[in-house]
There are 2 protein chains.
Amino acid sequence: MNEFDAIRRMARLLPEPPDEVVVPIGDDCAAFRIGGETWLAAADMLVAGRHFKGWASPEDVGYKAVAVNVSDIAAMGGRPRFVLVSGGSPEPETALRVFEGVADACREFGVYPLGGDTTRAADLTVDVSILGVAEFPPVLRSGARPGDLLAVSGELGASAAGFLALEDGVAGYTRLVGKHLRPEPRIGVGIAAAKLGVHAMIDLSDGLASDARHICEKSGVGCRVNLDLLPVSEDTKSLAESLDRDASVLAASGGEDYELLIAASEDAIDELSRSAEVPITVVGRVVEGEVVVFERGGEVVKDLSGWDHFS
Amino acid sequence: MNEFDAIRRMARLLPEPPDEVVVPIGDDCAAFRIGGETWLAAADMLVAGRHFKGWASPEDVGYKAVAVNVSDIAAMGGRPRFVLVSGGSPEPETALRVFEGVADACREFGVYPLGGDTTRAADLTVDVSILGVAEFPPVLRSGARPGDLLAVSGELGASAAGFLALEDGVAGYTRLVGKHLRPEPRIGVGIAAAKLGVHAMIDLSDGLASDARHICEKSGVGCRVNLDLLPVSEDTKSLAESLDRDASVLAASGGEDYELLIAASEDAIDELSRSAEVPITVVGRVVEGEVVVFERGGEVVKDLSGWDHFS
């Protein structure tokens with residue numbers, strides 16, 4: 001049983017959703033109606049040894065725990081509003097340092113911490129639950145249509161490259177390390193995309209290879225992604241080369257970029273790219289059928305996979 | 001630095017609460033206004049080795065993680081509505097078993113799971129965030145007034161006795177063990193108390209000795225609690241005696257009963273006791289000053305303390 005099997009089996013145990021729940025568990029966020037408003041909720045947990053190692057300061061861990069949750073709200077086109085933050089740590093001093101990072105991220109993303117819990121635990125663990133509000137109808141993973149373009153915000157592979165720099169102790173890649181430790185969720189892009197009524201959206205946490213599959217599975221469609229089109233920065237390419245890694249494969253499968261993957265009409269992508277705070281890059285196309293194909297130089301690239309939290 | 005010091009220092013890092021937040025972090029729940037409604041939010045994390053040991057099944061851990069959060073909503077007089085549940089576990093099978101307990105508790109307490117996360121972790125860890133709605137003004141810890149009676153719902157010490165039975169392998173105390181593994185939060189009592197406008201309320205998670213102090217500190221008052229009045233069941237007394245423990249001290253300091261401690265006028269306590277689904281017992285009185293006194297047989301009992309999650 002892997003993480004996705006476990007989640008599928010958990011889904012069967014769920015009680016019937018009450019009337020207010022308009023999107024149940026299974027997308028980037030759940031959505032529910034309160035007093036005439038649509039609210040979004042999600043949670044993500046980070047655990048030492050699994051999601052970060054000794055190279056991440058407690059402050060970075062706290063910051064990132066909030067940022068990755070903000071990204072889930074962004075992926076539905078919502079505005080993040082409140083978090084609840086629980087931390088297990090070997091001693092209270094570490095818990096306090098984690099919370100300093102949490103407070104920084106809250107200020108950065110306009111989020112208020114409503115509560116939380118702190119306890120002793122052998123491994124540093126931070127769990128954040130987030131609430132956001134959706135001014136426009138939430139964008140689901142399930143709305144992609146054949147003929148849609150697939151586009152990504154910002155750049156890909158920078159976080160994975162920063163991770164490799166940290167793991168291998170490669171000096172001089174401060175920007176990439178920053179991308180890994182303190183990702184920038186795309187709140188503005190997400191809201192603009194929801195306002196434009198894009199068809200499907202997901203945040204790139206597991207990596208393009210996995211997350212494109214998530215959109216296709218939920219939408220009952222396939223896609224063709226061209227690795228030559230992926231927006232990869234020069235420093236990511238340089239680091240990949242120095243470690244004898246393929247930069248495009250890193251960008252497609254590395255994960256944790258927390259950029260947005262969007263399926264929409266050409267017009268909507270054009271419009272979005274004019275208003276977005278970061279570049280919007282078309283990387284492929286949604287097609288009939290349920291096959292997800294990655295190609296490069298006209299050749300199909302096999303065995304691209306993403307992140308399984310229990311692998 | 002202990003847990004309470006860390007929390008106090010975290011509180012200083014909080015950004016200014018937005019206008020919708022009517023009760024910030026620091027009570028059983030935060031309270032915030034959405035579209036004309038008052039909502040409540042809280043979070044509690046359980047960690048293996050700290051909050052439970054091998055005697056708790058993963059299902060019990062999942063159930064209890066929801067129940068203790070429901071108790072925080074009850075302590076403000078709210079109705080629990082939604083949870084987000086994150087779990088770290090050594091393998092997906094355990095995560096699934098935890099979620100079976102979560103789903104049981106959700107059905108029991110009328111709560112719907114909006115989302116969550118699952119990941120690998122060395123120690124089983126479950127964090128639950130809860131949302132509830134308050135039909136009546138939320139009851140805070142800070143409203144106790146000199147002259148108020150102090151009353152508790154249900155019985156005290158049963159959970160601590162169940163814990164001792166599990167720890168010492170004492171057979172035959174199934175009811176007490178059940179009280180420890182699957183506590184019954186007092187949703188009905190909490191709502192009835194809020195409707196009556198009681199002055200202060202808290203759930204007994206850390207133990208009466210600690211939680212009475214929390215009410216007194218927040219309210220700027222003192223209290224006198226008479227240990228002879230604590231509602232302690234015969235099986236709790238019998239187990240305590242068999243282990244050479246003082247049953248009243250266990251009831252006052254054991255914690256995890258998830259009963260409610262209420263400060264209110266005599267009339268309100270009378271009225272509450274007529275409608276409550278469990279006995280309501282007066283155990284003391286709120287007084288001027290800030291001294292918390294526990295007495296028994298006319299003598300002051302010293303050195304009663306509760307639970308520190310980092311001790």
# chains A, B, ... in the order shown; residues from 1 in each chain; ligands from 1
>>> select_by_dssp(residues="segment 218-290 of chain B", states="strand (DSSP E)", output="ChimeraX atom specification")
/B:222-226,260-264,280-287
>>> interface_residues(of="chain A", to="chain B", cutoff="6 Å", atoms="only C-alpha atoms", output="PyMOL selection string")
chain A and resi 6+25+30+35+42-44+92+96+114-117+119-120+309-310
>>> residues_around(residues="Tyr258 of chain B", least_positions_apart="5", cutoff="12 Å", atoms="only C-alpha atoms", output="PyMOL selection string")
chain B and resi 28+64+67-75+152-160+179-187+189-190+202-208+211
>>> closest_residue(among="A:Leu250, A:Leu140, A:Leu227, A:Glu217", to="Gly297 of chain A", atoms="only C-alpha atoms")
A:Leu227
>>> residues_around(residues="Val292 of chain A", least_positions_apart="3", cutoff="7 Å", atoms="only C-alpha atoms", output="PyMOL selection string")
chain A and resi 213+222-224
>>> write_last_selection(atoms="N, CA and C atoms", output="PDB file, in the first residue's frame")
ATOM      1  N   ARG A 213      -0.644  14.184 -14.194  1.00  0.00           N
ATOM      2  CA  ARG A 213      -1.457  12.951 -14.118  1.00  0.00           C
ATOM      3  C   ARG A 213      -2.681  13.159 -13.234  1.00  0.00           C
ATOM      4  N   GLY A 222      -6.302  13.017 -21.404  1.00  0.00           N
ATOM      5  CA  GLY A 222      -4.865  12.783 -21.447  1.00  0.00           C
ATOM      6  C   GLY A 222      -4.154  14.102 -21.681  1.00  0.00           C
ATOM      7  N   CYS A 223      -2.830  14.048 -21.799  1.00  0.00           N
ATOM      8  CA  CYS A 223      -2.102  15.258 -22.144  1.00  0.00           C
ATOM      9  C   CYS A 223      -0.770  14.900 -22.797  1.00  0.00           C
ATOM     10  N   ARG A 224      -0.245  15.846 -23.526  1.00  0.00           N
ATOM     11  CA  ARG A 224       1.113  15.747 -24.077  1.00  0.00           C
ATOM     12  C   ARG A 224       1.882  16.953 -23.556  1.00  0.00           C
TER      13      ARG A 224
END
>>> residues_around(residues="Asp228 of chain B", least_positions_apart="5", cutoff="10 Å", atoms="only C-alpha atoms", output="number ranges by chain")
B: 248, 283, 294-298
>>> atom_distance(atom1="atom CA of Trp55 of chain B", atom2="atom CA of Phe109 of chain B")
24.1 Å
>>> residues_around(residues="segment 270-273 of chain B", least_positions_apart="6", cutoff="7 Å", atoms="only C-alpha atoms", output="PDB file with C-alpha atoms, in the first residue's frame")
ATOM      1  CA  ALA B 192     -26.717  24.522  27.188  1.00  0.00           C
ATOM      2  CA  ALA B 193     -24.183  26.445  29.293  1.00  0.00           C
ATOM      3  CA  PRO B 279     -24.508  15.155  36.436  1.00  0.00           C
ATOM      4  CA  ILE B 280     -23.316  18.692  37.129  1.00  0.00           C
TER       5      ILE B 280
END
>>> residues_around(residues="Glu288 of chain B", least_positions_apart="6", cutoff="10 Å", atoms="only C-alpha atoms", output="MDAnalysis selection string")
chainID B and resid 145:147 216 220:223
>>> write_last_selection(atoms="C-alpha atoms", output="mmCIF file, in the first residue's frame")
data_model
loop_
_atom_site.group_PDB
_atom_site.id
_atom_site.type_symbol
_atom_site.label_atom_id
_atom_site.label_comp_id
_atom_site.auth_asym_id
_atom_site.auth_seq_id
_atom_site.Cartn_x
_atom_site.Cartn_y
_atom_site.Cartn_z
ATOM 1 C CA ARG B 145 -16.586 36.588 38.827
ATOM 2 C CA PRO B 146 -16.169 36.429 42.595
ATOM 3 C CA GLY B 147 -19.232 34.708 44.041
ATOM 4 C CA CYS B 216 -8.547 32.273 37.434
ATOM 5 C CA GLY B 220 -8.214 37.922 37.398
ATOM 6 C CA VAL B 221 -9.863 36.052 40.260
ATOM 7 C CA GLY B 222 -9.071 33.273 42.710
ATOM 8 C CA CYS B 223 -10.973 30.150 43.692
#
>>> closest_residue(among="B:Gly254, B:Arg285, B:Leu166, B:Glu277", to="Gly54 of chain B", atoms="only C-alpha atoms")
B:Leu166
>>> select_by_dssp(residues="segment 161-206 of chain B", states="alpha helix (DSSP H)", output="CSV table (one decimal) with C-alpha atoms, in the first residue's frame")
chain,number,residue,atom,x,y,z
B,161,ALA,CA,-7.4,5.8,36.4
B,162,GLY,CA,-7.9,4.2,33.0
B,163,PHE,CA,-4.4,5.4,32.0
B,164,LEU,CA,-2.9,3.8,35.2
B,165,ALA,CA,-4.8,0.6,34.5
B,166,LEU,CA,-3.2,0.5,31.0
B,167,GLU,CA,0.2,1.5,32.2
B,168,ASP,CA,0.3,-1.0,35.1
B,174,THR,CA,-12.8,-1.8,30.9
B,175,ARG,CA,-15.0,1.3,31.6
B,176,LEU,CA,-12.1,3.4,32.9
B,177,VAL,CA,-9.8,2.3,30.0
B,178,GLY,CA,-12.6,3.3,27.6
B,179,LYS,CA,-12.8,6.7,29.3
B,180,HIS,CA,-9.1,7.2,28.6
B,181,LEU,CA,-9.0,5.9,25.1
B,187,ILE,CA,-21.2,19.1,23.4
B,188,GLY,CA,-24.7,19.2,24.9
B,189,VAL,CA,-23.6,20.6,28.2
B,190,GLY,CA,-21.4,23.2,26.5
B,191,ILE,CA,-24.2,24.5,24.3
B,192,ALA,CA,-26.7,24.5,27.2
B,193,ALA,CA,-24.2,26.4,29.3
B,194,ALA,CA,-23.6,29.0,26.5
B,195,LYS,CA,-27.4,29.4,26.1
B,196,LEU,CA,-27.6,30.1,29.8
>>> atom_distance(atom1="atom CA of Leu304 of chain A", atom2="atom CA of Val139 of chain A")
26.0 Å
>>> atom_distance(atom1="atom CA of Asp148 of chain B", atom2="atom CA of Ala264 of chain B")
5.0 Å
